[in-house]
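Pasted below: entry36.txt, compact mmCIF, C-alpha atoms and all ligand atoms.
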# COMPACT_ATOMS: atom_id res chain seq x y z
CA MET C 200 -3.51 -45.40 -60.01
CA GLY C 201 -4.59 -44.08 -56.65
CA PHE C 202 -8.06 -42.86 -55.81
CA ASN C 203 -7.35 -39.46 -54.40
CA ARG C 204 -9.29 -36.63 -52.81
CA ARG C 205 -10.39 -35.15 -56.14
CA ASP C 206 -11.60 -38.52 -57.45
CA PHE C 207 -13.52 -39.05 -54.24
CA ILE C 208 -15.34 -35.73 -54.44
CA GLY C 209 -16.21 -36.39 -58.10
CA ALA C 210 -17.58 -39.83 -57.27
CA SER C 211 -19.57 -38.43 -54.33
CA LEU C 212 -21.24 -35.83 -56.50
CA ALA C 213 -22.09 -38.45 -59.11
CA ALA C 214 -23.53 -40.76 -56.45
CA ALA C 215 -25.51 -37.96 -54.84
CA SER C 216 -27.28 -37.30 -58.11
CA LEU C 217 -28.51 -40.90 -58.28
CA ALA C 218 -31.42 -42.32 -56.36
CA ALA C 219 -30.27 -44.89 -53.78
CA ALA C 220 -29.76 -47.99 -55.89
CA PRO C 221 -31.49 -51.14 -54.72
CA TRP C 222 -28.75 -53.52 -53.69
CA ALA C 223 -28.55 -57.22 -54.11
CA ALA C 224 -25.95 -59.34 -52.41
CA ALA C 225 -25.44 -61.46 -55.49
CA ARG C 226 -24.78 -58.52 -57.82
CA THR C 227 -21.30 -57.10 -58.10
CA ALA C 228 -20.73 -53.38 -57.80
CA ASP C 229 -20.36 -51.26 -60.93
CA ARG C 230 -16.92 -50.08 -59.83
CA LYS C 231 -14.38 -52.23 -58.02
CA LEU C 232 -12.98 -50.53 -54.93
CA ARG C 233 -9.68 -51.26 -53.25
CA ILE C 234 -10.57 -51.29 -49.57
CA LEU C 235 -8.22 -51.28 -46.61
CA PHE C 236 -9.76 -52.82 -43.47
CA LEU C 237 -8.33 -51.85 -40.08
CA GLY C 238 -9.38 -55.01 -38.22
CA GLY C 239 -11.70 -57.40 -40.04
CA THR C 240 -11.51 -60.70 -38.16
CA GLY C 241 -13.74 -60.32 -35.08
CA PHE C 242 -17.52 -59.96 -35.35
CA LEU C 243 -18.55 -57.07 -37.61
CA GLY C 244 -15.36 -57.36 -39.65
CA PRO C 245 -15.91 -60.79 -41.21
CA HIS C 246 -19.49 -60.01 -42.24
CA THR C 247 -18.33 -56.79 -43.89
CA VAL C 248 -15.31 -58.38 -45.56
CA ARG C 249 -17.44 -61.20 -46.99
CA TYR C 250 -20.08 -58.83 -48.32
CA ALA C 251 -17.47 -56.53 -49.87
CA LEU C 252 -15.89 -59.54 -51.59
CA GLU C 253 -19.32 -60.65 -52.87
CA ARG C 254 -19.68 -57.20 -54.38
CA GLY C 255 -16.40 -57.69 -56.23
CA HIS C 256 -14.19 -55.36 -54.20
CA GLU C 257 -10.52 -55.95 -53.38
CA LEU C 258 -9.68 -56.13 -49.68
CA THR C 259 -6.48 -55.68 -47.71
CA LEU C 260 -6.63 -56.38 -43.98
CA PHE C 261 -4.47 -54.71 -41.36
CA ASN C 262 -4.38 -56.29 -37.89
CA ARG C 263 -2.06 -57.95 -35.40
CA GLY C 264 -2.74 -61.46 -36.71
CA ARG C 265 -4.07 -62.58 -33.32
CA THR C 266 -7.85 -62.86 -33.77
CA ASN C 267 -9.21 -65.62 -36.05
CA ASN C 268 -6.13 -65.26 -38.24
CA ASP C 269 -7.18 -68.24 -40.39
CA LEU C 270 -10.45 -66.64 -41.59
CA PHE C 271 -9.28 -65.06 -44.84
CA PRO C 272 -6.15 -66.85 -46.09
CA GLU C 273 -6.85 -65.62 -49.63
CA LEU C 274 -6.58 -61.94 -48.62
CA GLU C 275 -3.50 -59.83 -48.18
CA THR C 276 -3.08 -59.13 -44.48
CA ILE C 277 -0.61 -56.50 -43.36
CA ILE C 278 0.45 -57.37 -39.84
CA GLY C 279 0.90 -54.44 -37.51
CA ASN C 280 -0.40 -52.69 -34.43
CA ARG C 281 -2.59 -49.68 -35.05
CA ASP C 282 -1.15 -48.03 -31.97
CA PRO C 283 1.76 -46.07 -33.47
CA ASP C 284 3.61 -46.32 -30.16
CA ILE C 285 3.75 -50.13 -30.25
CA ASP C 286 6.41 -51.91 -32.31
CA GLU C 287 6.31 -50.77 -35.96
CA GLY C 288 2.80 -49.39 -35.52
CA LEU C 289 1.26 -48.39 -38.83
CA ASP C 290 4.49 -48.52 -40.86
CA GLY C 291 3.14 -51.36 -43.01
CA LEU C 292 0.57 -48.97 -44.49
CA LYS C 293 3.10 -46.40 -45.69
CA GLY C 294 3.55 -45.99 -49.44
CA ARG C 295 0.31 -47.79 -50.30
CA GLU C 296 -2.97 -46.42 -51.72
CA TRP C 297 -6.57 -47.51 -51.39
CA ASP C 298 -9.89 -46.08 -52.52
CA ALA C 299 -11.35 -46.36 -49.03
CA VAL C 300 -10.62 -47.54 -45.52
CA ILE C 301 -13.04 -49.22 -43.12
CA ASP C 302 -12.09 -48.80 -39.48
CA THR C 303 -13.92 -51.14 -37.09
CA SER C 304 -11.19 -51.26 -34.45
CA GLY C 305 -10.78 -47.67 -33.25
CA TYR C 306 -11.41 -46.77 -29.61
CA VAL C 307 -8.70 -44.25 -28.65
CA PRO C 308 -8.59 -40.81 -30.34
CA ARG C 309 -4.78 -40.67 -30.41
CA ILE C 310 -4.67 -43.99 -32.24
CA VAL C 311 -7.55 -43.23 -34.61
CA GLY C 312 -5.99 -39.83 -35.27
CA ALA C 313 -2.72 -41.55 -36.24
CA SER C 314 -4.36 -43.82 -38.85
CA SER C 315 -6.54 -41.10 -40.33
CA GLU C 316 -3.64 -38.63 -40.57
CA LEU C 317 -1.35 -41.26 -42.08
CA LEU C 318 -3.96 -42.31 -44.66
CA ALA C 319 -5.31 -38.82 -45.52
CA ASP C 320 -3.24 -38.58 -48.70
CA SER C 321 -3.48 -42.21 -49.70
CA VAL C 322 -7.16 -43.11 -49.35
CA GLY C 323 -10.21 -41.36 -50.76
CA GLN C 324 -12.77 -42.09 -48.04
CA TYR C 325 -12.54 -43.06 -44.35
CA LEU C 326 -15.44 -45.02 -42.89
CA PHE C 327 -15.26 -45.06 -39.11
CA VAL C 328 -17.43 -47.36 -37.02
CA SER C 329 -18.43 -45.34 -33.99
CA THR C 330 -21.43 -46.09 -31.75
CA ILE C 331 -24.90 -44.76 -31.04
CA CYS C 332 -23.80 -44.03 -27.46
CA GLN C 333 -21.30 -41.38 -28.56
CA TYR C 334 -24.05 -38.74 -28.13
CA ASP C 335 -24.16 -36.41 -25.17
CA ASN C 336 -26.67 -37.90 -22.70
CA TRP C 337 -27.47 -40.67 -25.16
CA ALA C 338 -29.41 -42.81 -22.69
CA GLU C 339 -31.73 -40.13 -21.40
CA GLY C 340 -32.22 -38.23 -24.57
CA GLY C 341 -32.65 -40.67 -27.41
CA THR C 342 -36.32 -40.42 -28.20
CA GLY C 343 -36.48 -39.80 -31.93
CA GLY C 344 -32.87 -38.64 -31.70
CA THR C 345 -31.22 -37.73 -34.97
CA GLU C 346 -27.61 -37.33 -36.06
CA ALA C 347 -27.87 -33.61 -35.30
CA ARG C 348 -27.67 -34.26 -31.54
CA PRO C 349 -24.34 -33.12 -30.03
CA ARG C 350 -21.47 -35.50 -29.40
CA ALA C 351 -20.36 -36.34 -25.88
CA THR C 352 -17.50 -34.47 -24.24
CA LEU C 353 -15.02 -35.39 -21.52
CA ASP C 354 -13.31 -33.26 -18.88
CA ASP C 355 -10.08 -35.00 -19.89
CA PRO C 356 -10.23 -35.93 -23.58
CA THR C 357 -6.68 -37.33 -23.40
CA THR C 358 -7.78 -40.24 -21.23
CA GLU C 359 -7.31 -43.67 -22.81
CA ASP C 360 -9.48 -45.48 -20.27
CA VAL C 361 -11.80 -47.13 -22.79
CA GLY C 362 -13.41 -49.28 -20.10
CA SER C 363 -14.75 -46.21 -18.29
CA HIS C 364 -15.26 -43.85 -21.25
CA TYR C 365 -15.98 -46.05 -24.27
CA CYS C 366 -18.88 -43.91 -25.55
CA ALA C 367 -17.35 -40.45 -25.17
CA LEU C 368 -13.99 -41.65 -26.51
CA LYS C 369 -15.76 -42.78 -29.67
CA ALA C 370 -17.03 -39.19 -30.01
CA TYR C 371 -13.42 -37.96 -29.85
CA CYS C 372 -12.36 -40.65 -32.35
CA GLU C 373 -15.00 -39.28 -34.73
CA ARG C 374 -13.61 -35.77 -34.24
CA ALA C 375 -10.07 -37.01 -34.97
CA VAL C 376 -11.11 -38.57 -38.29
CA ASP C 377 -13.13 -35.49 -39.26
CA ALA C 378 -10.11 -33.28 -38.57
CA ALA C 379 -7.74 -35.43 -40.63
CA MET C 380 -9.97 -35.92 -43.68
CA PRO C 381 -12.64 -33.19 -43.75
CA GLY C 382 -15.46 -33.90 -46.19
CA ARG C 383 -14.30 -37.48 -46.87
CA VAL C 384 -15.51 -39.25 -43.73
CA THR C 385 -18.43 -41.63 -43.19
CA GLN C 386 -19.36 -41.88 -39.52
CA ILE C 387 -21.36 -45.02 -38.76
CA ARG C 388 -23.12 -45.06 -35.38
CA PRO C 389 -24.56 -48.53 -34.76
CA GLY C 390 -26.78 -49.49 -31.87
CA LEU C 391 -26.58 -52.98 -30.38
CA ILE C 392 -25.08 -55.15 -33.13
CA VAL C 393 -26.59 -58.62 -33.19
CA GLY C 394 -26.59 -61.81 -35.20
CA PRO C 395 -24.31 -64.75 -35.98
CA ARG C 396 -20.81 -64.44 -34.41
CA ASP C 397 -22.04 -62.05 -31.69
CA ASN C 398 -20.19 -63.48 -28.74
CA THR C 399 -21.81 -61.18 -26.18
CA ASP C 400 -25.16 -63.05 -26.28
CA ARG C 401 -27.02 -59.82 -25.51
CA PHE C 402 -29.56 -60.51 -28.26
CA SER C 403 -29.00 -64.27 -28.54
CA TYR C 404 -30.23 -64.68 -24.96
CA TRP C 405 -33.84 -64.22 -26.10
CA PRO C 406 -34.01 -66.76 -28.95
CA VAL C 407 -31.94 -69.19 -26.90
CA ARG C 408 -34.19 -68.75 -23.88
CA VAL C 409 -37.36 -69.26 -25.92
CA ASP C 410 -35.76 -72.31 -27.56
CA ARG C 411 -35.12 -73.82 -24.13
CA GLY C 412 -38.88 -73.65 -23.53
CA GLY C 413 -41.07 -73.54 -20.41
CA GLU C 414 -42.09 -70.37 -18.60
CA VAL C 415 -40.02 -67.41 -19.79
CA LEU C 416 -39.66 -64.26 -17.68
CA ALA C 417 -40.62 -61.40 -20.01
CA PRO C 418 -39.43 -58.05 -18.62
CA GLY C 419 -41.66 -55.04 -17.95
CA LYS C 420 -44.46 -54.67 -20.43
CA PRO C 421 -44.86 -55.62 -24.09
CA SER C 422 -44.86 -51.95 -25.16
CA ASP C 423 -41.35 -51.27 -23.75
CA LEU C 424 -39.03 -50.65 -26.66
CA THR C 425 -35.99 -52.45 -27.96
CA GLN C 426 -33.54 -51.48 -30.68
CA TYR C 427 -30.71 -53.30 -32.44
CA ILE C 428 -29.08 -53.73 -35.84
CA ASP C 429 -28.53 -57.06 -37.57
CA VAL C 430 -24.80 -57.29 -38.30
CA ARG C 431 -25.50 -58.32 -41.92
CA ASP C 432 -27.63 -55.22 -42.51
CA LEU C 433 -24.93 -53.03 -40.98
CA ALA C 434 -22.20 -54.65 -43.10
CA ARG C 435 -24.20 -54.13 -46.30
CA PHE C 436 -24.88 -50.51 -45.45
CA MET C 437 -21.21 -49.79 -44.76
CA VAL C 438 -20.14 -51.16 -48.14
CA HIS C 439 -23.05 -49.33 -49.78
CA CYS C 440 -21.79 -46.04 -48.29
CA LEU C 441 -18.39 -46.64 -49.88
CA GLU C 442 -19.86 -47.60 -53.24
CA GLN C 443 -21.94 -44.44 -53.26
CA GLY C 444 -19.20 -42.23 -51.87
CA ARG C 445 -21.46 -41.12 -49.03
CA ALA C 446 -19.40 -38.89 -46.75
CA ASP C 447 -22.00 -38.40 -44.06
CA THR C 448 -23.02 -39.49 -40.58
CA TYR C 449 -25.60 -42.19 -39.89
CA ASN C 450 -27.30 -43.79 -36.93
CA VAL C 451 -27.45 -47.43 -37.99
CA VAL C 452 -30.17 -49.11 -35.99
CA ARG C 453 -33.48 -50.73 -36.57
CA ASN C 454 -36.10 -48.16 -35.65
CA PRO C 455 -37.45 -49.01 -32.16
CA MET C 456 -39.76 -52.00 -31.84
CA PRO C 457 -41.90 -53.11 -28.89
CA PHE C 458 -40.26 -55.78 -26.78
CA GLY C 459 -43.48 -57.76 -27.05
CA ASP C 460 -42.98 -57.91 -30.83
CA LEU C 461 -39.46 -59.26 -30.39
CA LEU C 462 -40.57 -62.00 -28.01
CA GLY C 463 -43.67 -62.67 -30.11
CA ALA C 464 -41.42 -63.17 -33.15
CA CYS C 465 -39.26 -65.58 -31.11
CA LEU C 466 -42.35 -67.61 -30.19
CA LYS C 467 -43.51 -67.62 -33.80
CA THR C 468 -40.13 -68.55 -35.28
CA ILE C 469 -38.89 -71.11 -32.77
CA ASP C 470 -40.51 -74.48 -32.24
CA SER C 471 -40.69 -74.80 -28.44
CA ASP C 472 -43.24 -74.94 -25.61
CA ALA C 473 -42.14 -71.54 -24.26
CA ARG C 474 -44.77 -69.27 -22.76
CA LEU C 475 -44.26 -65.69 -21.56
CA THR C 476 -44.96 -64.27 -18.13
CA TRP C 477 -44.64 -60.48 -18.10
CA VAL C 478 -43.22 -59.24 -14.82
CA PRO C 479 -43.45 -55.48 -14.11
CA ALA C 480 -40.27 -53.44 -13.94
CA ASP C 481 -40.67 -52.42 -10.29
CA PHE C 482 -40.97 -56.08 -9.24
CA LEU C 483 -37.82 -56.90 -11.22
CA ALA C 484 -35.95 -54.08 -9.49
CA GLU C 485 -37.13 -55.28 -6.05
CA HIS C 486 -35.65 -58.67 -6.92
CA ASP C 487 -32.30 -57.29 -8.05
CA LEU C 488 -32.81 -57.77 -11.77
CA GLU C 489 -31.35 -54.87 -13.72
CA ALA C 490 -31.78 -53.85 -17.34
CA TRP C 491 -28.72 -54.88 -19.42
CA ARG C 492 -26.79 -56.42 -16.50
CA ASP C 493 -29.41 -59.18 -16.13
CA ILE C 494 -31.94 -58.39 -18.84
CA PRO C 495 -30.29 -57.59 -22.16
CA ALA C 496 -31.65 -55.42 -24.97
CA TRP C 497 -34.46 -54.10 -22.77
CA ALA C 498 -35.17 -50.93 -20.80
CA ASP C 499 -38.21 -50.00 -18.75
CA SER C 500 -39.95 -47.22 -20.67
CA ASP C 501 -40.17 -45.14 -17.45
CA SER C 502 -36.47 -45.45 -16.61
CA ALA C 503 -33.53 -43.18 -17.32
CA LEU C 504 -32.23 -45.76 -19.81
CA ALA C 505 -35.36 -45.76 -21.96
CA GLY C 506 -33.99 -43.24 -24.46
CA SER C 507 -31.01 -45.46 -25.27
CA LEU C 508 -33.19 -47.74 -27.40
CA THR C 509 -35.15 -45.08 -29.25
CA TRP C 510 -32.75 -43.50 -31.75
CA SER C 511 -33.88 -42.65 -35.26
CA ALA C 512 -32.52 -44.50 -38.28
CA ASP C 513 -34.52 -42.44 -40.77
CA LYS C 514 -31.47 -40.84 -42.37
CA ALA C 515 -29.74 -44.18 -42.99
CA LEU C 516 -32.98 -45.68 -44.27
CA SER C 517 -33.24 -42.83 -46.78
CA ALA C 518 -29.63 -43.47 -47.79
CA GLY C 519 -30.28 -47.15 -48.52
CA LEU C 520 -30.12 -49.04 -45.20
CA ARG C 521 -32.22 -52.18 -45.47
CA ILE C 522 -33.57 -53.92 -42.40
CA SER C 523 -33.98 -57.69 -42.38
CA PRO C 524 -37.15 -59.21 -40.91
CA VAL C 525 -36.67 -59.83 -37.18
CA GLU C 526 -37.60 -63.47 -37.78
CA ASP C 527 -34.49 -63.90 -39.98
CA THR C 528 -32.27 -62.39 -37.31
CA ILE C 529 -33.79 -64.65 -34.66
CA ARG C 530 -33.57 -67.81 -36.77
CA ASP C 531 -29.99 -67.24 -37.95
CA THR C 532 -28.73 -66.17 -34.53
CA LEU C 533 -30.20 -69.27 -32.89
CA ALA C 534 -28.83 -71.56 -35.63
CA TRP C 535 -25.36 -70.03 -35.17
CA PHE C 536 -25.56 -70.35 -31.37
CA LYS C 537 -26.56 -74.00 -31.65
CA SER C 538 -23.53 -74.63 -33.88
CA LEU C 539 -21.17 -73.61 -31.06
CA PRO C 540 -19.44 -76.23 -28.87
CA GLN C 541 -21.69 -77.66 -26.15
CA ASP C 542 -19.75 -76.11 -23.27
CA ARG C 543 -20.03 -72.65 -24.86
CA GLN C 544 -23.78 -73.16 -25.32
CA GLN C 545 -24.10 -73.93 -21.61
CA GLU C 546 -22.52 -70.58 -20.75
CA LEU C 547 -24.85 -67.85 -21.93
CA ARG C 548 -22.85 -64.65 -21.52
CA ALA C 549 -25.85 -62.36 -21.01
CA GLY C 550 -29.14 -62.57 -19.20
CA MET C 551 -30.13 -63.94 -15.82
CA SER C 552 -29.33 -67.50 -14.76
CA ALA C 553 -32.04 -70.15 -15.04
CA GLU C 554 -32.11 -70.37 -11.22
CA LYS C 555 -32.60 -66.65 -10.78
CA GLU C 556 -35.33 -66.58 -13.41
CA ALA C 557 -37.19 -69.46 -11.74
CA ALA C 558 -36.89 -67.82 -8.31
CA VAL C 559 -38.23 -64.45 -9.50
CA LEU C 560 -41.08 -66.10 -11.40
CA ALA C 561 -42.00 -68.08 -8.27
CA ALA C 562 -41.93 -64.89 -6.18
CA TRP C 563 -44.09 -63.10 -8.76
CA HIS C 564 -46.74 -65.85 -8.75
CA GLU C 565 -46.66 -65.90 -4.93
CA SER C 566 -47.19 -62.12 -4.75
CA ARG C 567 -50.15 -62.41 -7.15
CA ARG C 568 -51.69 -65.16 -5.02
CA ALA C 569 -51.16 -63.12 -1.85
CA ARG C 570 -52.94 -60.17 -3.47
CA GLY C 571 -55.84 -62.51 -4.32
N1 LIG Y 1 -21.07 -54.91 -30.48
C1 LIG Y 1 -21.91 -53.91 -30.45
O1 LIG Y 1 -23.07 -54.05 -30.06
C2 LIG Y 1 -21.46 -52.54 -30.93
C3 LIG Y 1 -22.35 -51.48 -30.87
C4 LIG Y 1 -21.96 -50.23 -31.40
C5 LIG Y 1 -20.71 -50.08 -31.96
N2 LIG Y 1 -19.85 -51.13 -31.99
C6 LIG Y 1 -18.55 -50.96 -32.63
O2 LIG Y 1 -18.49 -51.89 -33.70
C7 LIG Y 1 -17.14 -52.30 -33.90
C8 LIG Y 1 -17.15 -53.80 -33.86
O3 LIG Y 1 -15.89 -54.28 -33.95
P1 LIG Y 1 -15.47 -55.80 -34.14
O4 LIG Y 1 -14.62 -56.14 -32.98
O5 LIG Y 1 -16.64 -56.63 -34.42
O6 LIG Y 1 -14.54 -55.59 -35.45
P2 LIG Y 1 -13.67 -56.61 -36.21
O7 LIG Y 1 -12.94 -55.82 -37.24
O8 LIG Y 1 -14.47 -57.78 -36.65
O9 LIG Y 1 -12.64 -57.17 -35.11
C9 LIG Y 1 -11.66 -56.36 -34.48
C10 LIG Y 1 -10.35 -56.41 -35.31
O10 LIG Y 1 -9.43 -55.46 -34.85
C11 LIG Y 1 -8.13 -56.05 -34.84
N3 LIG Y 1 -7.35 -55.33 -33.83
C12 LIG Y 1 -7.62 -55.22 -32.52
N4 LIG Y 1 -6.69 -54.47 -31.92
C13 LIG Y 1 -5.80 -54.10 -32.89
C14 LIG Y 1 -4.60 -53.32 -32.88
N5 LIG Y 1 -4.11 -52.78 -31.76
N6 LIG Y 1 -3.96 -53.14 -34.05
C15 LIG Y 1 -4.42 -53.70 -35.20
N7 LIG Y 1 -5.55 -54.45 -35.26
C16 LIG Y 1 -6.23 -54.65 -34.11
C17 LIG Y 1 -8.39 -57.51 -34.49
O11 LIG Y 1 -7.39 -58.40 -34.95
P3 LIG Y 1 -6.10 -58.73 -34.06
O12 LIG Y 1 -6.57 -59.05 -32.68
O13 LIG Y 1 -5.52 -59.91 -34.77
O14 LIG Y 1 -5.23 -57.53 -34.12
C18 LIG Y 1 -9.67 -57.76 -35.30
O15 LIG Y 1 -9.36 -58.09 -36.65
C19 LIG Y 1 -16.32 -51.63 -32.82
O16 LIG Y 1 -15.75 -50.45 -33.33
C20 LIG Y 1 -17.36 -51.27 -31.75
O17 LIG Y 1 -17.01 -50.15 -30.98
C21 LIG Y 1 -20.18 -52.35 -31.48

Can you give me the file's structure in the form of structure tokens?
Amino acid sequence: MGFNRRDFIGASLAAASLAAAPWAAARTADRKLRILFLGGTGFLGPHTVRYALERGHELTLFNRGRTNNDLFPELETIIGNRDPDIDEGLDGLKGREWDAVIDTSGYVPRIVGASSELLADSVGQYLFVSTICQYDNWAEGGTGGTEARPRATLDDPTTEDVGSHYCALKAYCERAVDAAMPGRVTQIRPGLIVGPRDNTDRFSYWPVRVDRGGEVLAPGKPSDLTQYIDVRDLARFMVHCLEQGRADTYNVVRNPMPFGDLLGACLKTIDSDARLTWVPADFLAEHDLEAWRDIPAWADSDSALAGSLTWSADKALSAGLRISPVEDTIRDTLAWFKSLPQDRQQELRAGMSAEKEAAVLAAWHESRRARG
């Protein structure tokens, strides 16, 4: 029996009348869902698949069979390309029914439109993973920003140049899903996703750097803000939204925390001789160190980027998002990183090089001495 539009609306109303249930990873859900996963084998996918399985749901994956294709041999995987213009495209999904679909691999509105239109009559709920940067002027205007802020627009919304327009294209992907399945869509807008399997190292840089010990260049001032979401918390919230039939839009981030608290938690959690030297933002800029390019997960609170790390997660928290202690995220991320092959560990993919850090620290101490 399929789970159709009417069933979905009934389940949503029932869920809405309940208080957000406390969730426990070990407990199975009251109702087993059949979930289609567009993707599932990269970073966010595996965490979400595993949690959904723990909750007792039934998963079908759809992907090209190229990325980590040995991860879930026990699951049905439909091989196909989600771009309907490539090979058989989405044909493998025709004639099937699921209660819900999770889409972690959509970047181009034409392609996301194709999957949501195709699945409109055969799935009850469409959960699309968008991004916090899909807002209009997201970087400048984040402070306390809620889901009510307008989405970004493009002069040419038909562009498929994801490299140049990743954020705004996600906004158009959201619109495409909304148009295909009005009232049955969950839009998930994560900030920086961090934790085990995050191959970008944008968060890992900090625990890894503290673990390496010695004098650590700490950027700006301790009160500058950072913001992220632990991938495990995000995965649990996504499955929770399906279980509760929540057809709504959520920023999924940890509410902003001072950068000093993040580094303080690294020092507390990791056994090393690391010590912090805070170097002001203007000195960093004079020495060609840029937020994100060289200093991940940080923005100077006086810069145009500051708002990007200050979005509000209050709505998701009210809906049941749970945030893990930062110490757990730090500990688990470092343990995962240290399990990687040695050559990979030598190549941190984010953050400044050790040589650059040492040179800027030396220049900073020299400038302090010169000033007396
Ligand atoms: N990382 C962050 O900080 C961050 C922040 C905000 C939002 N996000 C969003 O979070 C999501 C994270 O995604 P993820 O990569 O971790 O998801 P994932 O589901 O773990 O991995 C991507 C999956 O998509 C499949 N795939 C890629 N191209 C495909 C195609 N043309 N047809 C069919 N399947 C295809 C891949 O398998 P095959 O290669 O085998 O096809 C893989 O299974 C993204 O939507 C991203 O925009 C990320």

- [ ] Rank nothing, just name the residue among C:Ala534, C:Ala498, C:Ile331, C:Leu274 nearest to Thr345 of chain C, using all atoms listed in the file.
- [x] C:Ile331

TODO: Using all atoms listed in the file, determine which residues fall within 7 Å of ligand LIG 1 (chain Y), then list them as a ChimeraX atom specification.
DONE: /C:237-245,261-268,279-282,303-306,328-331,388-393

- [ ] Have a look at C:Glu346, C:Glu339, C:Asp447, C:Asp470 and name the one nearest to Gln324 of chain C; count only C-alpha atoms.
- [x] C:Asp447

TODO: Mind listing whatever residues come within 12 Å of the point (-28.0, -30.7, -31.5)? Use all atoms listed in the file, file coordinates, and give them as a VMD selection string.
DONE: chain C and resid 334 to 337 340 to 341 344 to 351

TODO: Identify which of the residues C:Lys369, C:His564, C:Arg309, C:Arg374 lies closest to Glu414 of chain C, counting all atoms listed in the file when measuring atom-to-atom distances.
DONE: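 With all atoms listed in the file as the atom set, the closest residue is C:His564.
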